[in-house]
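Asker: I have a structure here, written as structure tokens, and I will follow up with some questions on it.
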Amino acid sequence: MNISKKPFGVLSDGSKVFLYTLRAGDLSLSLSSFGAVWTSLLVPGKTGREDVLLGFSSLEGYLHRSAYFGATIGRFAGRVGGAAFSLGGKTYGLYKNEGENTLHGGRRGFDKRLWKAFPYTDGEGVFVRFELESPDGEGGFPGNLRAAVTYGLNGANEITARYQAWVDAPCPVNLTNHAYFNLAGEGNGDILSHELRLRASSYVEVGPDRIPTGRLLPVEGTPFDFRSSKPIARDYAAVHGGRPPAPGDGYDHCFVLDGDARFPGPGREPEAGRIRDPAGPAAPPRAEVREPHSGRVLKVAASQPGVQFYAGSFLDGVLGKTGSVYGKNAGFCLETQHFPDSPNKPEFPSAIFGPDREYHEKAVFSLSW
């Protein structure tokens, strides 16, 4: 196991951005201090060792047309309807960056911030701990927030993602990573033949503006039923009732994870640059994706109540790394998170955190082939 560090670019204010590469087991994961981005993930397979993450070869792409490739999202992942929410008798207005709504924290979310990075090694694996401070009022959100996100790689070919935040006033918090995977290798066609299984018996219904209606609907008898593994393409056209496709049509929905998907036990304050795992056993995988040609399998376990499955329907010819062009469905995302628009939906699990409720979540991404 080892960690390397090299320059990745310079921001307009002169701040230096670095790229950290973690190597453990048979995997190699690279991370940028700008946006705490996953820039590449090299994985063996029947077709050889390939990069399975969409992204860019240099910092420039992440600055201008990132599509959130591999980015750490905050303060609130997903959409907030009307770019506003009420809390404690006060209404907070957020930045509108998707029509009348807020997406992934607004115009300058955590994906567009330079994080402090602290690499370290212990007996479990190799890690980079990213830290960020968000002042009261940034993006319209209340409270001074301190975030710590740790990504690690171990000898069992697992990527761990640990999300922790402290805020001095009640505030919506929802952190995730927005990695786009193509298990056939980035740039190697679309992901529609990938076979997906989700342990989710219901999903979050959304309206035409992709904002949740507040209803959780059963997946049975719908295109959203992935309880048994099936190709992503099988019911893709039926997601919107078979009408002629419009830009962005396809899977971009939050699924409600079955059972108790949480890792038991509370988190702890960081010690010596680390965030401790919660006590108790890890949750079982809630998502599994197989790519038949390469033989690669991705399994995802999570502490959050939902996972946003996005099939890359908004991609429209983005120029990516090594000359790749990412068209519609070039990658998929499994964003472990609280439900979208939770601040405006009291019937959803609460995503309000503050001085009396520390934010601590975890996801594990396991690779095999």
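Numbering starts fresh at 1 for the residues of each chain in the structure tokens, the chains themselves are lettered A, B, ... in the order given, and ligands are numbered from 1 as they appear.
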Skip Ala184 in chain A itself and residues of its chain fewer than 2 positions away, then list as a ChimeraX atom specification all residues within 7 Å of it, counting only C-alpha atoms.
Answerer: /A:52,182,186,188,291,294
Asker: Restricting the output to N, CA and C atoms, write the selected residues as a CSV table (one decimal), in the first residue's frame.
Answerer:
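So the final result, stored in out_2.csv, reads:
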```csv
chain,number,residue,atom,x,y,z
A,52,VAL,N,-12.2,3.0,-14.7
A,52,VAL,CA,-13.7,2.9,-14.8
A,52,VAL,C,-14.4,4.2,-14.4
A,182,ASN,N,-18.2,3.5,-15.4
A,182,ASN,CA,-18.5,2.7,-16.6
A,182,ASN,C,-17.6,1.5,-16.4
A,186,GLU,N,-13.9,3.7,-18.9
A,186,GLU,CA,-14.4,5.0,-19.4
A,186,GLU,C,-14.2,5.2,-20.9
A,188,ASN,N,-15.7,3.6,-23.2
A,188,ASN,CA,-16.0,2.3,-23.9
A,188,ASN,C,-17.5,2.1,-24.0
A,291,GLU,N,-20.8,-5.9,-15.1
A,291,GLU,CA,-20.6,-5.6,-16.5
A,291,GLU,C,-20.2,-6.9,-17.2
A,294,SER,N,-16.4,-7.4,-19.2
A,294,SER,CA,-15.2,-7.3,-18.5
A,294,SER,C,-15.2,-8.2,-17.2
```
Asker: What lies within 6 Å of range 112-117 of chain A using only C-alpha atoms, ignoring chain neighbours under 3 positions off, as a list of chain:residue names?
Answerer: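 The filter keeps A:Ser33, A:Phe34, A:Gly35, A:Arg108, A:Gly109, A:Arg129, A:Phe130, A:Glu131, A:Leu132.
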Asker: Compile the contact shell of Glu347 in chain A as a PyMOL selection string: residues with an atom at most 10 Å away, counting only C-alpha atoms, same-chain residues fewer than 6 positions apart removed.
Answerer: chain A and resi 214-216
Asker: Once you have the residues from the selection above, write them out as a JSON list (two decimals), in the first residue's frame, restricted to N, CA and C atoms.
Answerer:
```json
[["chain", "number", "residue", "atom", "x", "y", "z"],
["A", 214, "GLY", "N", -43.21, 14.06, -2.42],
["A", 214, "GLY", "CA", -43.43, 13.68, -1.04],
["A", 214, "GLY", "C", -43.89, 12.25, -0.89],
["A", 215, "ARG", "N", -44.22, 11.61, -2.01],
["A", 215, "ARG", "CA", -44.71, 10.23, -1.95],
["A", 215, "ARG", "C", -43.58, 9.24, -2.21],
["A", 216, "LEU", "N", -43.59, 8.13, -1.47],
["A", 216, "LEU", "CA", -42.70, 7.01, -1.71],
["A", 216, "LEU", "C", -43.53, 5.91, -2.34]]
```
Asker: Pull the helix (DSSP H, G or I) assignments for range 192-355 of chain A out of DSSP run on the backbone, and list those residues as a count of residues only.
Answerer: 9
Asker: Env of Tyr359 in chain A: 7 Å cut, atoms = only C-alpha atoms, seq-sep filter 3 positions within chain, self excluded. Answer as a compact mmCIF listing (two decimals) with N, CA and C atoms, in the first residue's frame.
Answerer:
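Final file, selection-v1.txt:
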```txt
# COMPACT_ATOMS: atom_id res chain seq x y z
N GLN A 164 -18.31 13.48 7.47
CA GLN A 164 -18.62 14.00 8.79
C GLN A 164 -18.70 15.52 8.71
N ALA A 165 -19.62 16.11 9.47
CA ALA A 165 -19.77 17.56 9.47
C ALA A 165 -20.27 18.02 10.82
N TRP A 166 -19.81 19.20 11.20
CA TRP A 166 -20.25 19.88 12.41
C TRP A 166 -20.75 21.25 12.00
N PHE A 353 -29.22 18.93 10.61
CA PHE A 353 -28.17 18.65 11.58
C PHE A 353 -27.75 19.96 12.23
```
Asker: For range 69-81 of chain A, list every protein, DNA or RNA residue within 7 Å, evaluated using only C-alpha atoms, and leave out those in the same chain fewer than 2 positions away; present the list as a VMD selection string.
Answerer: chain A and resid 35 to 39 54 to 55 66 to 67 83 to 84 101 to 105 109 to 111 172 to 180 211 340 to 341
Asker: Let me make sure I understand: among A:Leu11, A:Ala302, A:Leu94, A:Leu153, which one has the smallest atom-to-atom distance to Leu29 in chain A if we use only C-alpha atoms?
Answerer: A:Leu153
Asker: So what do you get for CA of Val239 in chain A versus CA of Leu53 in chain A, distance-wise?
Answerer: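 Separation between CA of Val239 in chain A and CA of Leu53 in chain A: 25.3 Å.
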Asker: Could you check which of A:Val297, A:Leu31, A:Leu217, A:Ala24 is closest to Gly123 in chain A, using only C-alpha atoms?
Answerer: A:Ala24
Asker: Which one of A:Gly306, A:Gly48, A:Gly189, A:Pro346 sits closest to Leu87 in chain A if you count only C-alpha atoms?
Answerer: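 That would be A:Pro346, the residue with the smallest distance to Leu87 in chain A.
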Asker: Which residue gives the smallest distance to Ser58 in chain A among A:Ser342, A:Ser40, A:Asn157, A:Asn144, with only C-alpha atoms counted?
Answerer: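 When distances to Ser58 in chain A are compared using only C-alpha atoms, the smallest one comes from A:Ser40.
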Asker: Just the residues within 9 Å of Val289 in chain A, please, counting only C-alpha atoms, with nothing from its chain fewer than 2 positions along; format it as a ChimeraX atom specification.
Answerer: /A:183,194-198,229,287,291,296-300
Asker: Determine the nearest neighbour of Tyr92 in chain A from the options A:Gly139, A:Gly106, A:Gly320, A:Pro247, counting only C-alpha atoms.
Answerer: A:Gly139
Asker: Env of Thr21 in chain A: 7 Å cut, atoms = only C-alpha atoms, seq-sep filter 5 positions within chain, self excluded. Answer as a PyMOL selection string.
Answerer: chain A and resi 3-5+28-31
Asker: I need the strand (DSSP E) residues of range 15-181 of chain A per DSSP on the backbone, written as number ranges by chain.
Answerer: A: 16-24, 27-32, 37-43, 50-51, 72-73, 79-80, 84-87, 90-93, 102-103, 116-122, 125-134, 145-153, 158-167, 171-172, 176-177
Asker: Quote the spacing between CA of Ser313 in chain A and CA of Gly295 in chain A in Å to one decimal place.
Answerer: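 Separation of CA of Ser313 in chain A and CA of Gly295 in chain A: 24.2 Å.
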Asker: Of the candidates A:Phe181, A:Ala246, A:Lys321, A:His240, which shows the shortest atom-to-atom distance to Cys333 in chain A, using only C-alpha atoms?
Answerer: A:Phe181
